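Dumped coords37.cif below, it's mmCIF, C-alpha atoms:
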data_model
loop_
_atom_site.label_atom_id
_atom_site.label_comp_id
_atom_site.auth_asym_id
_atom_site.auth_seq_id
_atom_site.Cartn_x
_atom_site.Cartn_y
_atom_site.Cartn_z
CA LEU A 1 0.44 -0.05 11.59
CA SER A 2 1.24 -3.61 12.55
CA SER A 3 4.58 -3.99 10.77
CA LEU A 4 7.90 -4.22 12.58
CA TRP A 5 10.04 -1.11 12.84
CA GLY A 6 13.69 -0.89 11.95
CA SER A 7 16.25 0.60 14.31
CA PRO A 8 17.64 4.12 13.84
CA GLY A 9 20.68 4.32 11.59
CA TYR A 10 21.45 3.38 8.04
CA GLY A 11 22.03 -0.06 6.65
CA ASP A 12 22.96 -1.39 3.25
CA GLY A 13 19.46 -1.38 1.80
CA ASN A 14 18.71 -5.10 2.18
CA SER A 15 15.03 -5.99 2.18
CA VAL A 16 13.34 -7.62 5.17
CA THR A 17 12.28 -11.18 4.31
CA ASP A 18 10.06 -13.96 5.67
CA GLU A 19 7.68 -11.83 7.73
CA GLY A 20 4.58 -13.98 7.37
CA LYS A 21 0.98 -12.79 7.48
CA HIS A 22 0.21 -9.18 8.43
CA ALA A 23 -2.92 -7.38 9.59
CA PHE A 24 -3.50 -4.13 7.70
CA VAL A 25 -5.47 -1.90 10.08
CA LEU A 26 -6.89 1.64 10.06
CA HIS A 27 -7.46 3.27 13.48
CA CYS A 28 -9.59 6.33 14.26
CA LEU A 29 -8.76 8.15 17.52
CA ASP A 30 -10.42 11.01 19.37
CA LYS A 31 -7.87 13.80 18.84
CA LYS A 32 -8.48 15.36 22.27
CA THR A 33 -8.33 12.22 24.42
CA GLY A 34 -6.60 9.56 22.31
CA LYS A 35 -9.55 7.19 22.83
CA GLU A 36 -10.00 4.77 19.93
CA LEU A 37 -13.33 5.49 18.24
CA TRP A 38 -13.09 2.63 15.76
CA SER A 39 -10.62 0.27 14.17
CA LYS A 40 -11.03 -1.46 10.82
CA ARG A 41 -8.97 -4.41 9.61
CA ALA A 42 -8.69 -3.88 5.87
CA LEU A 43 -7.20 -7.34 5.26
CA GLU A 44 -4.90 -10.03 6.56
CA ALA A 45 -2.29 -11.25 4.11
CA VAL A 46 1.34 -11.96 3.47
CA PRO A 47 2.65 -8.66 2.00
CA GLU A 48 3.03 -8.70 -1.77
CA ILE A 49 6.49 -7.09 -1.69
CA LYS A 50 9.33 -6.79 0.80
CA ARG A 51 10.18 -3.66 2.78
CA HIS A 52 13.20 -1.68 3.89
CA PRO A 53 14.18 -2.37 7.55
CA LYS A 54 13.28 1.23 8.44
CA SER A 55 9.85 1.16 6.84
CA THR A 56 6.57 -0.68 7.41
CA HIS A 57 3.88 -2.01 5.07
CA ALA A 58 1.72 0.92 6.23
CA ASN A 59 3.90 3.85 5.16
CA CYS A 60 1.22 5.93 3.44
CA THR A 61 -0.54 8.66 5.39
CA PRO A 62 -4.37 8.37 5.23
CA ALA A 63 -6.20 11.12 3.31
CA VAL A 64 -9.39 12.64 4.70
CA ASP A 65 -12.09 15.07 3.59
CA ALA A 66 -15.68 15.60 4.79
CA GLN A 67 -16.94 12.36 3.21
CA HIS A 68 -13.95 10.05 2.78
CA VAL A 69 -11.15 8.40 4.73
CA VAL A 70 -8.67 6.80 2.33
CA ALA A 71 -5.95 4.33 3.39
CA PHE A 72 -3.37 3.01 0.93
CA PHE A 73 -1.31 -0.11 1.60
CA GLY A 74 0.46 -0.15 -1.77
CA SER A 75 0.43 -3.62 -3.33
CA ASP A 76 -2.04 -4.74 -0.68
CA GLY A 77 -4.80 -2.37 -1.70
CA LEU A 78 -6.48 1.03 -1.52
CA PHE A 79 -9.44 1.31 0.88
CA CYS A 80 -12.03 4.08 1.24
CA TYR A 81 -14.22 4.42 4.37
CA ASP A 82 -16.70 6.96 5.68
CA HIS A 83 -16.15 8.71 9.01
CA GLU A 84 -17.98 5.98 10.90
CA GLY A 85 -15.59 3.35 9.58
CA ASN A 86 -17.92 1.82 6.97
CA LEU A 87 -16.12 0.55 3.89
CA LYS A 88 -17.25 2.40 0.75
CA TRP A 89 -14.97 0.65 -1.76
CA GLN A 90 -11.57 -0.93 -2.24
CA LEU A 91 -9.16 -1.34 -5.15
CA ASP A 92 -6.28 -3.67 -5.94
CA PHE A 93 -3.69 -2.17 -8.32
CA GLY A 94 -1.67 -5.39 -8.36
CA VAL A 95 1.97 -5.55 -7.33
CA LEU A 96 3.48 -2.06 -6.96
CA ASP A 97 7.16 -3.00 -6.90
CA THR A 98 9.28 -0.24 -5.38
CA GLY A 99 12.97 -0.41 -4.68
CA ALA A 100 16.37 0.35 -6.14
CA PRO A 101 16.23 1.48 -9.79
CA ARG A 102 17.03 -1.34 -12.20
CA MET A 103 20.56 -0.56 -13.26
CA GLU A 104 23.42 -2.76 -14.35
CA ASN A 105 25.41 -4.09 -11.38
CA TYR A 106 22.84 -2.59 -8.98
CA GLU A 107 21.37 -5.15 -6.60
CA GLN A 108 17.59 -5.32 -6.76
CA TYR A 109 16.03 -4.44 -3.43
CA GLN A 110 12.37 -3.95 -2.53
CA TRP A 111 11.80 -1.11 -0.05
CA GLY A 112 8.03 -0.83 0.25
CA PHE A 113 5.45 1.58 -1.18
CA ALA A 114 5.13 5.03 0.45
CA SER A 115 3.40 7.59 -1.81
CA SER A 116 0.30 8.74 0.08
CA PRO A 117 -3.09 9.34 -1.57
CA ILE A 118 -4.47 12.87 -1.57
CA LEU A 119 -8.05 14.15 -1.93
CA HIS A 120 -9.27 17.12 -3.97
CA GLU A 121 -12.85 18.03 -4.84
CA GLY A 122 -14.05 14.57 -3.88
CA LYS A 123 -11.45 12.81 -6.05
CA VAL A 124 -8.64 10.50 -4.91
CA ILE A 125 -5.22 11.07 -6.47
CA VAL A 126 -2.55 8.35 -6.42
CA GLN A 127 1.01 8.45 -7.77
CA CYS A 128 2.42 4.98 -8.42
CA ASP A 129 6.00 5.25 -9.67
CA ILE A 130 7.27 1.67 -9.66
CA GLN A 131 9.66 -0.70 -11.45
CA ALA A 132 7.38 -1.07 -14.46
CA GLN A 133 4.24 0.65 -15.77
CA SER A 134 4.37 3.72 -13.51
CA PHE A 135 1.23 5.86 -13.54
CA LEU A 136 -0.67 8.80 -12.03
CA ALA A 137 -4.41 8.32 -11.56
CA VAL A 138 -7.50 10.17 -10.36
CA LEU A 139 -10.39 8.15 -8.91
CA ASP A 140 -13.97 9.03 -8.04
CA GLY A 141 -14.16 9.30 -4.25
CA GLU A 142 -17.66 7.82 -4.01
CA THR A 143 -17.15 4.75 -6.17
CA GLY A 144 -13.41 4.26 -6.71
CA LYS A 145 -14.03 4.34 -10.46
CA GLU A 146 -11.06 5.59 -12.49
CA VAL A 147 -11.59 9.11 -13.85
CA TRP A 148 -8.31 9.11 -15.75
CA ARG A 149 -4.87 7.52 -15.72
CA VAL A 150 -1.66 8.60 -17.42
CA GLU A 151 1.42 6.45 -17.82
CA ARG A 152 4.76 7.77 -16.58
CA ASP A 153 8.19 6.77 -17.84
CA GLU A 154 9.61 6.78 -14.33
CA ASP A 155 11.73 4.81 -11.88
CA PRO A 156 10.44 4.03 -8.36
CA CYS A 157 9.53 7.12 -6.37
CA TRP A 158 8.19 7.52 -2.80
CA ALA A 159 6.92 11.10 -3.02
CA THR A 160 3.32 12.16 -2.45
CA PRO A 161 1.75 14.44 -5.11
CA THR A 162 0.59 17.99 -4.39
CA ILE A 163 -2.41 19.95 -5.67
CA HIS A 164 -1.96 23.60 -6.68
CA GLU A 165 -4.97 25.75 -7.56
CA ASN A 166 -4.69 28.74 -9.86
CA SER A 167 -7.47 30.87 -8.42
CA ALA A 168 -7.29 33.44 -11.23
CA ALA A 169 -7.70 30.81 -13.96
CA GLY A 170 -10.01 28.57 -11.95
CA THR A 171 -7.87 25.51 -12.69
CA ALA A 172 -5.81 23.07 -10.64
CA GLN A 173 -2.73 21.03 -11.37
CA ILE A 174 -1.24 17.92 -9.79
CA ILE A 175 2.48 18.37 -9.12
CA VAL A 176 4.67 15.29 -8.82
CA ASN A 177 8.28 14.67 -7.88
CA GLY A 178 10.34 12.19 -9.86
CA TYR A 179 13.70 11.18 -11.26
CA LYS A 180 13.02 11.15 -14.99
CA HIS A 181 9.81 13.17 -14.82
CA ILE A 182 9.17 15.96 -12.34
CA GLY A 183 6.10 17.76 -13.57
CA GLY A 184 2.59 19.14 -13.45
CA TYR A 185 -0.62 17.60 -14.83
CA GLU A 186 -4.08 19.09 -15.31
CA PHE A 187 -6.28 17.87 -12.46
CA ALA A 188 -9.33 17.72 -14.72
CA SER A 189 -7.85 15.71 -17.57
CA GLY A 190 -4.36 14.39 -16.77
CA LYS A 191 -2.84 16.43 -19.60
CA GLU A 192 0.81 17.25 -19.01
CA ILE A 193 1.41 20.97 -18.32
CA TRP A 194 5.15 21.03 -17.68
CA LYS A 195 8.06 18.67 -17.21
CA LEU A 196 11.57 18.79 -15.75
CA VAL A 197 14.05 15.98 -16.41
CA GLY A 198 17.08 15.25 -14.27
CA GLY A 199 16.06 15.20 -10.66
CA GLY A 200 17.93 13.18 -8.08
CA ASP A 201 17.46 9.42 -7.88
CA VAL A 202 15.10 7.59 -5.44
CA PRO A 203 12.95 10.72 -4.80
CA VAL A 204 11.09 10.90 -1.48
CA PRO A 205 10.10 14.53 -0.68
CA THR A 206 6.68 15.91 -1.55
CA PRO A 207 6.49 19.07 -3.73
CA VAL A 208 5.65 22.24 -1.77
CA VAL A 209 3.93 25.33 -3.22
CA GLU A 210 4.21 28.72 -1.50
CA HIS A 211 4.64 32.35 -2.65
CA GLY A 212 3.74 31.28 -6.19
CA LEU A 213 6.75 28.95 -6.34
CA ILE A 214 6.91 25.16 -6.58
CA PHE A 215 9.74 23.77 -4.44
CA ILE A 216 11.05 20.37 -5.50
CA THR A 217 13.89 18.56 -3.77
CA SER A 218 15.15 15.01 -4.02
CA ALA A 219 18.16 12.85 -4.42
CA HIS A 220 20.28 10.23 -2.94
CA GLY A 221 23.94 10.68 -3.77
CA PRO A 222 26.44 13.49 -4.30
CA GLU A 223 23.86 15.93 -5.69
CA HIS A 224 20.50 16.57 -4.04
CA PRO A 225 19.03 19.58 -5.81
CA ILE A 226 16.39 22.08 -4.80
CA TYR A 227 14.37 23.64 -7.62
CA ALA A 228 12.18 26.74 -7.21
CA ILE A 229 9.77 26.87 -10.17
CA ASP A 230 7.28 29.65 -10.94
CA ALA A 231 3.88 27.95 -10.79
CA GLU A 232 2.28 30.24 -13.38
CA LEU A 233 5.17 30.33 -15.86
CA ALA A 234 5.84 26.57 -15.86
CA LYS A 235 4.85 25.30 -19.31
CA GLY A 236 6.36 22.62 -21.55
CA GLU A 237 9.80 21.15 -20.88
CA LEU A 238 11.86 23.16 -18.39
CA ASN A 239 15.59 23.38 -17.83
CA LEU A 240 17.84 24.73 -15.06
CA ASP A 241 19.13 27.81 -16.90
CA PRO A 242 17.33 30.97 -15.67
CA GLU A 243 18.57 32.75 -18.82
CA THR A 244 16.57 30.45 -21.11
CA CYS A 245 13.88 29.18 -18.71
CA ALA A 246 11.82 31.99 -17.17
CA ALA A 247 9.97 29.50 -14.95
CA MET A 248 13.17 28.51 -13.08
CA ALA A 249 13.29 31.11 -10.30
CA TRP A 250 16.37 29.55 -8.68
CA SER A 251 18.04 26.23 -8.00
CA ASN A 252 20.65 24.81 -5.66
CA ARG A 253 22.53 21.60 -6.35
CA ARG A 254 23.37 21.04 -2.68
CA GLY A 255 19.95 20.63 -1.11
CA ILE A 256 18.63 17.77 1.00
CA TYR A 257 17.52 14.18 0.79
CA MET A 258 14.62 12.32 2.40
CA GLN A 259 12.64 15.07 4.14
CA THR A 260 10.03 17.29 2.54
CA PRO A 261 11.18 20.93 2.82
CA LEU A 262 9.18 23.47 4.82
CA VAL A 263 8.21 27.01 3.85
CA TYR A 264 7.24 29.14 6.85
CA GLY A 265 7.01 32.89 6.50
CA GLU A 266 9.58 34.09 3.98
CA GLU A 267 12.03 31.24 4.58
CA LEU A 268 12.51 27.77 3.12
CA TYR A 269 13.90 25.19 5.58
CA ALA A 270 15.59 22.06 4.30
CA CYS A 271 16.94 19.42 6.69
CA SER A 272 19.03 16.50 5.43
CA ASP A 273 18.73 12.91 6.60
CA SER A 274 21.94 13.45 8.58
CA GLY A 275 20.47 16.46 10.42
CA ILE A 276 22.05 19.37 8.52
CA LEU A 277 19.51 22.20 8.53
CA SER A 278 19.72 24.91 5.85
CA CYS A 279 17.58 28.03 5.80
CA PHE A 280 17.08 29.90 2.52
CA ASP A 281 15.25 33.01 1.43
CA ALA A 282 12.32 31.31 -0.31
CA GLY A 283 12.10 33.94 -3.05
CA THR A 284 15.77 34.26 -3.99
CA GLY A 285 17.46 31.06 -2.80
CA ASP A 286 20.04 33.00 -0.74
CA ARG A 287 21.19 30.88 2.19
CA HIS A 288 20.76 32.40 5.64
CA TYR A 289 22.45 29.62 7.61
CA ARG A 290 23.54 25.99 7.66
CA GLU A 291 23.60 24.26 11.07
CA ARG A 292 23.74 20.72 12.42
CA LEU A 293 20.88 19.43 14.57
CA GLY A 294 22.10 16.96 17.19
CA ASP A 295 25.35 15.02 17.23
CA GLY A 296 25.13 13.46 13.78
CA LEU A 297 24.53 9.95 15.16
CA ALA A 298 20.75 9.84 14.61
CA GLY A 299 19.06 9.97 11.21
CA PHE A 300 16.20 12.30 10.31
CA SER A 301 13.41 10.71 8.26
CA GLY A 302 10.29 12.55 9.42
CA SER A 303 9.73 15.96 7.81
CA PRO A 304 9.61 19.21 9.81
CA VAL A 305 6.41 21.02 10.80
CA ALA A 306 5.86 24.56 12.07
CA GLY A 307 3.53 26.58 14.25
CA ASP A 308 3.51 29.55 16.63
CA GLY A 309 6.81 30.85 15.27
CA LYS A 310 8.63 27.57 15.92
CA LEU A 311 9.95 24.69 13.80
CA TYR A 312 9.85 21.06 14.98
CA PHE A 313 12.34 18.42 13.80
CA SER A 314 12.13 14.81 15.01
CA ASP A 315 15.05 12.40 14.68
CA GLU A 316 14.86 8.61 14.50
CA ALA A 317 16.32 8.18 18.00
CA GLY A 318 13.27 9.94 19.44
CA THR A 319 14.36 13.54 20.05
CA VAL A 320 12.19 16.45 18.89
CA ARG A 321 14.18 19.66 18.45
CA VAL A 322 12.50 23.06 18.48
CA VAL A 323 14.10 25.80 16.35
CA GLN A 324 13.17 29.46 16.21
CA ALA A 325 11.63 30.43 12.88
CA GLY A 326 13.36 33.16 10.90
CA PRO A 327 16.67 33.89 9.19
CA ASP A 328 18.74 33.57 12.38
CA TYR A 329 19.35 30.11 13.87
CA ALA A 330 18.39 29.49 17.50
CA LEU A 331 17.75 26.10 19.11
CA LEU A 332 14.96 26.54 21.67
CA GLY A 333 14.76 23.01 23.06
CA ALA A 334 15.35 19.28 22.61
CA ASN A 335 12.79 16.79 23.93
CA ASP A 336 13.45 13.06 24.21
CA MET A 337 10.27 11.05 23.59
CA GLY A 338 11.99 7.78 24.55
CA GLU A 339 10.93 5.95 21.38
CA THR A 340 11.88 5.65 17.74
CA LEU A 341 10.33 8.41 15.63
CA MET A 342 10.14 7.80 11.88
CA ALA A 343 6.93 9.61 10.88
CA THR A 344 6.32 13.32 10.33
CA PRO A 345 4.53 15.03 13.25
CA ALA A 346 1.16 16.70 12.68
CA ILE A 347 -0.15 19.97 14.17
CA SER A 348 -3.83 20.75 14.74
CA GLU A 349 -5.51 23.35 16.95
CA GLY A 350 -2.44 24.03 19.05
CA ARG A 351 -1.55 20.38 19.57
CA ILE A 352 1.35 18.36 18.17
CA TYR A 353 0.73 14.68 17.34
CA LEU A 354 3.65 12.26 17.07
CA ARG A 355 3.46 8.68 15.84
CA ALA A 356 6.27 6.76 17.53
CA LYS A 357 7.25 3.10 17.43
CA GLY A 358 4.72 1.99 20.01
CA HIS A 359 2.50 4.98 20.79
CA ILE A 360 0.69 8.02 19.45
CA TYR A 361 1.56 11.10 21.51
CA CYS A 362 -0.30 14.41 21.83
CA VAL A 363 1.66 17.38 23.20
CA ALA A 364 -0.07 20.63 24.19
CA GLU A 365 -0.10 23.40 26.75
CA GLU A 366 -2.56 22.91 29.58
#
Can the structure in the file be given as structure tokens, please?
Amino acid sequence: LSSLWGSPGYGDGNSVTDEGKHAFVLHCLDKKTGKELWSKRALEAVPEIKRHPKSTHANCTPAVDAQHVVAFFGSDGLFCYDHEGNLKWQLDFGVLDTGAPRMENYEQYQWGFASSPILHEGKVIVQCDIQAQSFLAVLDGETGKEVWRVERDEDPCWATPTIHENSAAGTAQIIVNGYKHIGGYEFASGKEIWKLVGGGDVPVPTPVVEHGLIFITSAHGPEHPIYAIDAELAKGELNLDPETCAAMAWSNRRGIYMQTPLVYGEELYACSDSGILSCFDAGTGDRHYRERLGDGLAGFSGSPVAGDGKLYFSDEAGTVRVVQAGPDYALLGANDMGETLMATPAISEGRIYLRAKGHIYCVAEE
């Protein structure tokens, strides 16, 4: 939380250099009052890798269940606490170098680690797609001991994995985004279930599962595809042809980049980093509308959230736009928070929480 923030807008990808020593800190706040209940300094150190001007060295969202609070600082360590702030264990995975893919005539930038840990059945899941020796791992939540690890032939990726449970079969799979390897792995063993090759480069969005479909979107460049994959039919290596691949429900080559898509009701909402919002029928891929949010001058990095029949989109300049849910577009409001907003809002018990450049905000009806 202590890193410097970049300004809204898009640069050339240069890394921030010469930042000196950082404090890596986890804060616990009372969600109703904002009062700090405890604060734990995980470490003080010069960051192991550089960051993008728009990121920090604390990009990963903490993961929480009834027993664990997990904070991941990438190359600077993974830390597990209890709910009173007592350290249970910590791990150092070494340098997790993330940045531009290593291609000929492609300048080598470091942009900072961002894949968040997730928790499932008392296990910690981490996806570390980096410049070399990428891997997916499951750790014991009580001890940090590795349960399994599988190597991935993958370029750097900033997406967080997703768990999908097959209630009929009593099994769960870990779904990951990627460039060379989008896919699903058995939660229990790490065995590969399915794989799709050919996603967009520098993937950021997290996979979303709703209505029995896995929605994957990624890409920086002329194509930024959306894939809708049947979660039960996905087996082996998939392709994009619905005629030969029954698991591919639909796809669209002109999707979004940066934000995680949102499924709310029967619709899939996909907002680009330039603020172009598309609404699709989640089951068929038919587009209901395509509209621009704002004036096109502010970027959109935080992902949308939804509640009470409304969608919330925050731009980097600090405006939160409220859009009516459903197949017809209607802008209900635009609220200027007065600060840079880079992170995805969170909704809990009728309240919206926003992490801005200098504050945490809670918005609710009286």
Run the PyMOL selection byres ((chain A and resi 135) around 10) mentally over the shown coordinates, then write out the matched residues as a ChimeraX atom specification, using the chain letters and numbers from the document. /A:126-130,132-134,136-137,149-154
Quick one: which residues end up in the PyMOL selection byres ((chain A and resi 18-30) around 10) for this structure, as a VMD selection string? chain A and resid 1 to 4 16 to 17 31 to 47 50 to 51 57 to 58 62 69 to 73 76 to 77 79 81 83 to 85 360
On this file, the PyMOL selection byres ((chain A and resi 200) around 7) gives some set of residues; write that set as a list in words.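 For this structure, the PyMOL selection byres ((chain A and resi 200) around 7) resolves to Tyr179, Gly198, Gly199, Asp201, Val202, Pro203, Ser218, Ala219, His220, Glu223, His224 and Pro225 of chain A.
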Selection to disk with C-alpha atoms, as an mmCIF file, in the frame of the given file:
data_model
loop_
_atom_site.group_PDB
_atom_site.id
_atom_site.type_symbol
_atom_site.label_atom_id
_atom_site.label_comp_id
_atom_site.auth_asym_id
_atom_site.auth_seq_id
_atom_site.Cartn_x
_atom_site.Cartn_y
_atom_site.Cartn_z
ATOM 1 C CA TYR A 179 13.700 11.180 -11.260
ATOM 2 C CA GLY A 198 17.080 15.250 -14.270
ATOM 3 C CA GLY A 199 16.060 15.200 -10.660
ATOM 4 C CA ASP A 201 17.460 9.420 -7.880
ATOM 5 C CA VAL A 202 15.100 7.590 -5.440
ATOM 6 C CA PRO A 203 12.950 10.720 -4.800
ATOM 7 C CA SER A 218 15.150 15.010 -4.020
ATOM 8 C CA ALA A 219 18.160 12.850 -4.420
ATOM 9 C CA HIS A 220 20.280 10.230 -2.940
ATOM 10 C CA GLU A 223 23.860 15.930 -5.690
ATOM 11 C CA HIS A 224 20.500 16.570 -4.040
ATOM 12 C CA PRO A 225 19.030 19.580 -5.810
#
Rank nothing, just name the residue among A:Asp82, A:Glu192, A:Glu121, A:Asp92 nearest to Glu165 in chain A, using all atoms listed in the file.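 Closest to Glu165 in chain A, using all atoms listed in the file: A:Glu121.
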Which residues are near Ser301 in chain A? Cut-off 7 Å, only C-alpha atoms, ignore same chain within fewer than 4 positions. Put them as a VMD selection string. chain A and resid 258 to 259 273 315 to 316 342
Take the selection from the previous step and output its residues with C-alpha atoms, as a PDB file, in the frame of the given file.
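Output file out_0.pdb is given in full below:
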ATOM      1  CA  MET A 258      14.620  12.320   2.400  1.00  0.00           C
ATOM      2  CA  GLN A 259      12.640  15.070   4.140  1.00  0.00           C
ATOM      3  CA  ASP A 273      18.730  12.910   6.600  1.00  0.00           C
ATOM      4  CA  ASP A 315      15.050  12.400  14.680  1.00  0.00           C
ATOM      5  CA  GLU A 316      14.860   8.610  14.500  1.00  0.00           C
ATOM      6  CA  MET A 342      10.140   7.800  11.880  1.00  0.00           C
TER       7      MET A 342
END
Axis-aligned box over every listed atom of range 320-329 of chain A, padded by 4 Å per side: centre and edges in Å to one decimal, as JSON?
{"center_x": 15.5, "center_y": 25.2, "center_z": 14.0, "size_x": 15.7, "size_y": 25.4, "size_z": 17.7}
Minimum-distance residue to Ile49 in chain A, chosen among A:Gln110, A:Ser278, A:Gln90, A:Ser251 (using all atoms listed in the file):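 Checking each candidate against Ile49 in chain A, we get A:Gln110 as the closest.
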